[in-house]
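Each remark here refers to the structure printed beneath this line.
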Amino acid sequence: RYLRARHWDVKKATKLIQNYVEWRAEMQPESIQWDDIEEEFRTGKVYRLHLSDFKNRHVVILSPGKQNTNNHQQQMKQLVYTMESAIGMKAKEDKNLMDVAPVTTPASEQLIVLLDFTGYTLRNAPPFKTSLETLKILQDYYCERLGEAMLLNPPSVFRVLWKLIRPFIDKRTLRKISFLPRNFKECDILKERFNLDDLDTALGGRGDFPYDHDKYGAMMKAEDEVRKNRPPLIPPRPSASSAEEDS
């Protein structure tokens, strides 16, 4: 995935992986628990659906208009926690199938992100710093996991942020972003990707599946219990005090 993200440039891909390892050692996604960040989920501003599109891509929902906190670090943990959960739903990669990497990332290894702009205004919009780090996490630390991002009815005020953040989006990622118009619920693009009966009406579907905080929390807590028994993908970075003791 990292080679694809850097167009098979080994030197650039190596640097990207090094940055990822350092970030993961610091962030420690496996250690993030629901109880630590529950308040961030209260309004359903970020979560994953328990379904996939016709390409078998699992779905992550971002609703910036439902922002309810101003804790940047906690918001980033919420995003990472959600990404880990969505990726964890996928089948484990088989080492026997890794001898020859496909030129393009298989859709089944990717996610589709729906950005619901309901209620979005400049007053409740995330700070530029948060938007920029969200992009960096999706683009650099979860390389090639983004298969497509669909922006549902972004208001005109979003254009201000878009002009600021677009220069930081690489061309490969930019091609995966689609702006859907105000009448997006009538567009064929959703019908081509989802069984609309399984998608909530707020997201352009025909189903009745609004975000339920209590049910979602119970599901995430169950996942937390499973994750507790897994070793971290990247060992945590030693603290300054432990480093001094070792010396």
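Going by the structure tokens order, chains are called A, B, ..., each with residues numbered from 1, while ligands are numbered from 1 in the order shown.
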Give me, as a PDB file with all heavy atoms, in the first residue's frame, all polymer residues having an atom no more than 8 Å from Tyr47 (chain A), counting only C-alpha atoms and skipping those fewer than 4 positions away in the same chain.
ATOM      1  N   PHE A  41     -18.104  10.519  20.866  1.00  0.00           N
ATOM      2  CA  PHE A  41     -19.086   9.787  20.050  1.00  0.00           C
ATOM      3  C   PHE A  41     -20.527  10.191  20.356  1.00  0.00           C
ATOM      4  O   PHE A  41     -21.452   9.715  19.694  1.00  0.00           O
ATOM      5  CB  PHE A  41     -18.937   8.277  20.268  1.00  0.00           C
ATOM      6  CG  PHE A  41     -17.737   7.674  19.608  1.00  0.00           C
ATOM      7  CD1 PHE A  41     -16.557   7.483  20.311  1.00  0.00           C
ATOM      8  CD2 PHE A  41     -17.783   7.290  18.269  1.00  0.00           C
ATOM      9  CE1 PHE A  41     -15.449   6.912  19.696  1.00  0.00           C
ATOM     10  CE2 PHE A  41     -16.680   6.726  17.652  1.00  0.00           C
ATOM     11  CZ  PHE A  41     -15.510   6.536  18.367  1.00  0.00           C
ATOM     12  N   VAL A  60     -17.270   4.418   6.722  1.00  0.00           N
ATOM     13  CA  VAL A  60     -17.005   5.317   7.849  1.00  0.00           C
ATOM     14  C   VAL A  60     -17.787   6.607   7.620  1.00  0.00           C
ATOM     15  O   VAL A  60     -17.788   7.151   6.509  1.00  0.00           O
ATOM     16  CB  VAL A  60     -15.498   5.633   7.980  1.00  0.00           C
ATOM     17  CG1 VAL A  60     -15.260   6.734   9.013  1.00  0.00           C
ATOM     18  CG2 VAL A  60     -14.733   4.373   8.372  1.00  0.00           C
ATOM     19  N   ILE A  61     -18.459   7.084   8.659  1.00  0.00           N
ATOM     20  CA  ILE A  61     -19.266   8.302   8.582  1.00  0.00           C
ATOM     21  C   ILE A  61     -18.562   9.440   9.318  1.00  0.00           C
ATOM     22  O   ILE A  61     -18.151   9.285  10.468  1.00  0.00           O
ATOM     23  CB  ILE A  61     -20.660   8.083   9.212  1.00  0.00           C
ATOM     24  CG1 ILE A  61     -21.358   6.868   8.584  1.00  0.00           C
ATOM     25  CG2 ILE A  61     -21.514   9.349   9.064  1.00  0.00           C
ATOM     26  CD1 ILE A  61     -21.614   6.988   7.103  1.00  0.00           C
ATOM     27  N   LEU A  62     -18.439  10.580   8.645  1.00  0.00           N
ATOM     28  CA  LEU A  62     -17.931  11.794   9.278  1.00  0.00           C
ATOM     29  C   LEU A  62     -19.010  12.864   9.138  1.00  0.00           C
ATOM     30  O   LEU A  62     -19.458  13.155   8.031  1.00  0.00           O
ATOM     31  CB  LEU A  62     -16.644  12.280   8.599  1.00  0.00           C
ATOM     32  CG  LEU A  62     -15.465  11.298   8.518  1.00  0.00           C
ATOM     33  CD1 LEU A  62     -14.270  11.966   7.841  1.00  0.00           C
ATOM     34  CD2 LEU A  62     -15.073  10.795   9.892  1.00  0.00           C
ATOM     35  N   THR A  82     -11.884   4.690  15.239  1.00  0.00           N
ATOM     36  CA  THR A  82     -12.896   4.305  14.254  1.00  0.00           C
ATOM     37  C   THR A  82     -12.259   3.631  13.043  1.00  0.00           C
ATOM     38  O   THR A  82     -12.781   2.630  12.532  1.00  0.00           O
ATOM     39  CB  THR A  82     -13.705   5.533  13.802  1.00  0.00           C
ATOM     40  OG1 THR A  82     -14.292   6.156  14.950  1.00  0.00           O
ATOM     41  CG2 THR A  82     -14.805   5.148  12.823  1.00  0.00           C
TER      42      THR A  82
END
Find the residues near Met220 (chain A): any atom within 10 Å, counting only C-alpha atoms, skip ones fewer than 6 places away on the same chain, and give them as an MDAnalysis selection string. chainID A and resid 33:35 38 81:82 85 214 226
One-decimal distance in Å that lies between CA of Pro154 (chain A) and CA of Asp116 (chain A):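 Interatomic distance here is 7.8 Å.
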Residue nearest Asn19 (chain A) among A:Lys136, A:Lys66, A:Arg206, A:Lys221 (counting only C-alpha atoms):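 Closest to Asn19 (chain A) of all the choices is A:Lys136.
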Which is closer to Leu51 (chain A) than all the others in A:Ala125, A:Lys90, A:Ile37, A:Arg1, using only C-alpha atoms?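 Between A:Ala125, A:Lys90, A:Ile37, A:Arg1, the residue approaching Leu51 (chain A) most closely is A:Lys90.
With only C-alpha atoms as the basis for measurement, A:Arg6 is the residue among A:Gln74, A:Glu84, A:Val160, A:Arg6 that approaches Gln139 (chain A) most closely.
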What lies within 10 Å of Asn183 (chain A) using only C-alpha atoms, ignoring chain neighbours under 6 positions off, as number ranges by chain? A: 152-153, 204
Which residues, written as JSON, numbers by chain, have at least one atom at most 8 Å from Met76 (chain A), with only C-alpha atoms counted and residues fewer than 2 positions away on the same chain left out? {"A": [72, 73, 74, 78, 79, 80, 130, 133, 134]}
Could you state the separation of CA of Gln67 (chain A) and CA of Leu132 (chain A) in Å, given to one decimal place?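 We find that CA of Gln67 (chain A) and CA of Leu132 (chain A) lie 15.9 Å from each other.
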Can you tell me, as a CSV table (one decimal) with N, CA and C atoms, in the first residue's frame, which residues in region 46-174 of chain A count as helix (DSSP H, G or I) by DSSP?
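Result saved to part14.csv:
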chain,number,residue,atom,x,y,z
A,64,PRO,N,-19.2,16.5,10.3
A,64,PRO,CA,-18.6,17.7,10.9
A,64,PRO,C,-19.6,18.7,11.5
A,65,GLY,N,-20.8,18.7,11.1
A,65,GLY,CA,-21.8,19.6,11.6
A,65,GLY,C,-22.3,19.1,13.0
A,66,LYS,N,-21.9,18.0,13.5
A,66,LYS,CA,-22.3,17.5,14.8
A,66,LYS,C,-21.2,17.6,15.8
A,72,HIS,N,-8.8,18.6,20.6
A,72,HIS,CA,-8.2,18.2,19.4
A,72,HIS,C,-7.6,16.8,19.5
A,73,GLN,N,-6.9,16.5,20.6
A,73,GLN,CA,-6.3,15.2,20.7
A,73,GLN,C,-7.3,14.1,20.9
A,74,GLN,N,-8.3,14.3,21.6
A,74,GLN,CA,-9.4,13.3,21.8
A,74,GLN,C,-10.1,13.1,20.4
A,75,GLN,N,-10.3,14.1,19.7
A,75,GLN,CA,-10.9,14.0,18.4
A,75,GLN,C,-10.1,13.1,17.4
A,76,MET,N,-8.8,13.3,17.5
A,76,MET,CA,-7.9,12.5,16.6
A,76,MET,C,-7.9,11.0,17.1
A,77,LYS,N,-8.0,10.8,18.4
A,77,LYS,CA,-8.1,9.4,18.9
A,77,LYS,C,-9.4,8.8,18.5
A,78,GLN,N,-10.5,9.6,18.4
A,78,GLN,CA,-11.7,9.0,18.0
A,78,GLN,C,-11.6,8.6,16.5
A,79,LEU,N,-11.0,9.4,15.7
A,79,LEU,CA,-10.8,9.0,14.3
A,79,LEU,C,-10.0,7.8,14.1
A,80,VAL,N,-8.9,7.7,14.8
A,80,VAL,CA,-8.0,6.5,14.7
A,80,VAL,C,-8.7,5.3,15.3
A,81,TYR,N,-9.4,5.4,16.4
A,81,TYR,CA,-10.2,4.3,16.9
A,81,TYR,C,-11.2,3.8,15.9
A,82,THR,N,-11.9,4.7,15.2
A,82,THR,CA,-12.9,4.3,14.3
A,82,THR,C,-12.3,3.6,13.0
A,83,MET,N,-11.1,4.2,12.6
A,83,MET,CA,-10.4,3.5,11.5
A,83,MET,C,-10.0,2.1,11.8
A,84,GLU,N,-9.4,2.0,13.0
A,84,GLU,CA,-9.0,0.6,13.4
A,84,GLU,C,-10.1,-0.3,13.5
A,85,SER,N,-11.3,0.1,14.0
A,85,SER,CA,-12.5,-0.7,14.0
A,85,SER,C,-12.9,-1.1,12.7
A,86,ALA,N,-13.0,-0.2,11.7
A,86,ALA,CA,-13.5,-0.5,10.4
A,86,ALA,C,-12.5,-1.4,9.7
A,87,ILE,N,-11.2,-1.2,9.8
A,87,ILE,CA,-10.2,-2.1,9.2
A,87,ILE,C,-10.3,-3.5,9.8
A,88,GLY,N,-10.5,-3.5,11.1
A,88,GLY,CA,-10.6,-4.8,11.8
A,88,GLY,C,-11.7,-5.7,11.4
A,95,LYS,N,-0.6,-14.2,4.0
A,95,LYS,CA,0.8,-14.0,3.6
A,95,LYS,C,1.1,-14.8,2.3
A,96,ASN,N,0.3,-15.9,2.1
A,96,ASN,CA,0.5,-16.7,0.9
A,96,ASN,C,0.1,-16.0,-0.3
A,97,LEU,N,-0.6,-14.9,-0.2
A,97,LEU,CA,-1.1,-14.1,-1.3
A,97,LEU,C,-0.3,-12.8,-1.5
A,107,ALA,N,-10.3,-3.3,-3.8
A,107,ALA,CA,-11.3,-2.6,-3.1
A,107,ALA,C,-11.7,-3.2,-1.8
A,108,SER,N,-11.6,-4.5,-1.7
A,108,SER,CA,-11.9,-5.1,-0.4
A,108,SER,C,-11.0,-4.7,0.8
A,109,GLU,N,-9.8,-4.1,0.5
A,109,GLU,CA,-8.9,-3.7,1.5
A,109,GLU,C,-9.2,-2.2,1.9
A,128,PHE,N,-9.1,24.4,11.5
A,128,PHE,CA,-8.2,24.1,10.3
A,128,PHE,C,-7.2,23.0,10.8
A,129,LYS,N,-6.6,23.2,11.9
A,129,LYS,CA,-5.6,22.2,12.5
A,129,LYS,C,-6.2,20.8,12.5
A,130,THR,N,-7.5,20.7,13.0
A,130,THR,CA,-8.1,19.4,13.1
A,130,THR,C,-8.4,18.8,11.7
A,131,SER,N,-8.8,19.6,10.8
A,131,SER,CA,-9.1,19.2,9.4
A,131,SER,C,-7.8,18.7,8.8
A,132,LEU,N,-6.8,19.4,9.0
A,132,LEU,CA,-5.5,19.1,8.3
A,132,LEU,C,-4.9,17.8,8.9
A,133,GLU,N,-5.0,17.6,10.2
A,133,GLU,CA,-4.5,16.3,10.8
A,133,GLU,C,-5.4,15.2,10.4
A,134,THR,N,-6.7,15.4,10.3
A,134,THR,CA,-7.6,14.3,9.8
A,134,THR,C,-7.2,13.9,8.4
A,135,LEU,N,-6.9,14.8,7.6
A,135,LEU,CA,-6.4,14.5,6.2
A,135,LEU,C,-5.1,13.7,6.3
A,136,LYS,N,-4.2,14.1,7.1
A,136,LYS,CA,-2.9,13.5,7.2
A,136,LYS,C,-3.0,12.1,7.7
A,137,ILE,N,-3.9,11.8,8.7
A,137,ILE,CA,-4.1,10.5,9.2
A,137,ILE,C,-4.6,9.6,8.1
A,138,LEU,N,-5.6,10.0,7.4
A,138,LEU,CA,-6.3,9.2,6.4
A,138,LEU,C,-5.3,9.0,5.2
A,139,GLN,N,-4.6,10.0,4.8
A,139,GLN,CA,-3.8,10.0,3.6
A,139,GLN,C,-2.4,9.4,3.8
A,140,ASP,N,-1.7,9.6,5.0
A,140,ASP,CA,-0.4,9.2,5.2
A,140,ASP,C,-0.2,8.0,6.1
A,141,TYR,N,-1.1,7.9,7.1
A,141,TYR,CA,-0.9,6.8,8.1
A,141,TYR,C,-1.8,5.6,7.8
A,158,PHE,N,-18.4,25.7,3.1
A,158,PHE,CA,-17.3,24.7,3.2
A,158,PHE,C,-16.3,25.0,2.1
A,159,ARG,N,-16.6,25.8,1.1
A,159,ARG,CA,-15.7,26.1,0.0
A,159,ARG,C,-14.5,26.9,0.6
A,160,VAL,N,-14.7,27.6,1.6
A,160,VAL,CA,-13.6,28.4,2.3
A,160,VAL,C,-12.6,27.4,2.8
A,161,LEU,N,-13.0,26.4,3.6
A,161,LEU,CA,-12.1,25.4,4.1
A,161,LEU,C,-11.5,24.6,3.0
A,162,TRP,N,-12.3,24.3,2.0
A,162,TRP,CA,-11.8,23.4,0.9
A,162,TRP,C,-10.6,24.1,0.2
A,163,LYS,N,-10.7,25.4,-0.1
A,163,LYS,CA,-9.6,26.1,-0.7
A,163,LYS,C,-8.4,26.1,0.1
A,164,LEU,N,-8.5,26.1,1.4
A,164,LEU,CA,-7.3,26.1,2.3
A,164,LEU,C,-6.7,24.7,2.3
A,165,ILE,N,-7.5,23.7,2.4
A,165,ILE,CA,-7.0,22.3,2.6
A,165,ILE,C,-6.6,21.6,1.3
A,166,ARG,N,-7.2,22.0,0.2
A,166,ARG,CA,-6.9,21.3,-1.1
A,166,ARG,C,-5.5,21.2,-1.5
A,167,PRO,N,-4.7,22.2,-1.3
A,167,PRO,CA,-3.2,22.1,-1.6
A,167,PRO,C,-2.5,21.0,-0.9
A,168,PHE,N,-3.0,20.5,0.3
A,168,PHE,CA,-2.4,19.5,1.1
A,168,PHE,C,-2.8,18.1,0.7
A,171,LYS,N,-2.6,14.2,-5.4
A,171,LYS,CA,-3.5,13.9,-6.6
A,171,LYS,C,-4.2,12.6,-6.5
A,172,ARG,N,-3.5,11.6,-6.0
A,172,ARG,CA,-4.1,10.3,-5.9
A,172,ARG,C,-5.3,10.3,-5.0
A,173,THR,N,-5.2,11.0,-3.9
A,173,THR,CA,-6.4,11.1,-3.0
A,173,THR,C,-7.5,12.0,-3.5
A,174,LEU,N,-7.0,13.1,-4.2
A,174,LEU,CA,-8.0,14.0,-4.7
A,174,LEU,C,-8.9,13.4,-5.7
Can you work out the spacing between CA of Ile169 (chain A) and CA of Glu148 (chain A) in Å, to one decimal? 13.7 Å
Residues at most 10 Å from Leu203 (chain A), counting only C-alpha atoms, excluding those fewer than 5 positions away in the same chain, as a CSV table (one decimal) with N, CA, C and O atoms, in the first residue's frame?
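Final output, saved to part-v4.csv:
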chain,number,residue,atom,x,y,z
A,61,ILE,N,-18.5,7.1,8.7
A,61,ILE,CA,-19.3,8.3,8.6
A,61,ILE,C,-18.6,9.4,9.3
A,61,ILE,O,-18.2,9.3,10.5
A,114,LEU,N,-18.3,8.6,4.0
A,114,LEU,CA,-19.4,9.5,3.7
A,114,LEU,C,-19.3,10.7,4.6
A,114,LEU,O,-19.4,10.5,5.9
A,115,LEU,N,-19.2,11.8,4.1
A,115,LEU,CA,-19.1,13.1,4.9
A,115,LEU,C,-20.5,13.7,4.8
A,115,LEU,O,-20.9,14.2,3.8
A,116,ASP,N,-21.2,13.7,5.9
A,116,ASP,CA,-22.6,14.2,6.0
A,116,ASP,C,-22.5,15.7,6.5
A,116,ASP,O,-22.1,15.9,7.7
A,118,THR,N,-24.9,17.8,7.1
A,118,THR,CA,-26.1,18.3,7.8
A,118,THR,C,-25.7,19.2,9.0
A,118,THR,O,-24.9,18.7,9.8
A,152,LEU,N,-21.5,14.7,1.0
A,152,LEU,CA,-23.0,14.9,0.8
A,152,LEU,C,-23.4,16.3,1.1
A,152,LEU,O,-23.4,16.7,2.2
A,184,PHE,N,-28.6,15.0,-3.6
A,184,PHE,CA,-27.8,13.8,-3.7
A,184,PHE,C,-28.6,12.5,-3.4
A,184,PHE,O,-28.2,11.4,-3.9
A,185,LYS,N,-29.7,12.6,-2.7
A,185,LYS,CA,-30.5,11.4,-2.4
A,185,LYS,C,-31.2,10.9,-3.7
A,185,LYS,O,-31.6,9.7,-3.7
A,190,LEU,N,-25.3,6.9,-5.5
A,190,LEU,CA,-25.5,6.1,-4.2
A,190,LEU,C,-26.1,4.7,-4.6
A,190,LEU,O,-25.7,3.7,-4.0
A,196,LEU,N,-29.8,0.6,-1.0
A,196,LEU,CA,-30.3,1.7,-0.3
A,196,LEU,C,-31.2,1.3,0.9
A,196,LEU,O,-31.5,2.1,1.8
A,209,PHE,N,-32.0,3.7,10.1
A,209,PHE,CA,-30.9,3.3,10.9
A,209,PHE,C,-30.1,4.4,11.5
A,209,PHE,O,-28.9,4.6,11.1
A,210,PRO,N,-30.7,5.3,12.3
A,210,PRO,CA,-30.0,6.4,12.8
A,210,PRO,C,-28.9,6.0,13.8
A,210,PRO,O,-29.0,4.9,14.3
Kindly indicate which residue among A:Ser31, A:Val103, A:Cys143, A:Asn124 lies nearest to Ile17 (chain A), using only C-alpha atoms for the distances.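 Using only C-alpha atoms, Ile17 (chain A) sits closest to A:Cys143.
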Exercise: Ala149 (chain A) partners within 8 Å, only C-alpha atoms, chain neighbours under 5 positions left out, as number ranges by chain: A: 112-115, 176-178
In terms of the shortest atom-to-atom distance over only C-alpha atoms, which of A:Tyr211, A:Lys55, A:Ala5, A:Asn195 is closest to Glu144 (chain A)? A:Ala5
DSSP on the backbone: which residues in region 51-232 of chain A end up as strand (DSSP E or B)? Give the answer as an NGL selection string. :A and (51-52 or 58-62 or 111-116 or 146-152 or 177-180 or 200 or 207)
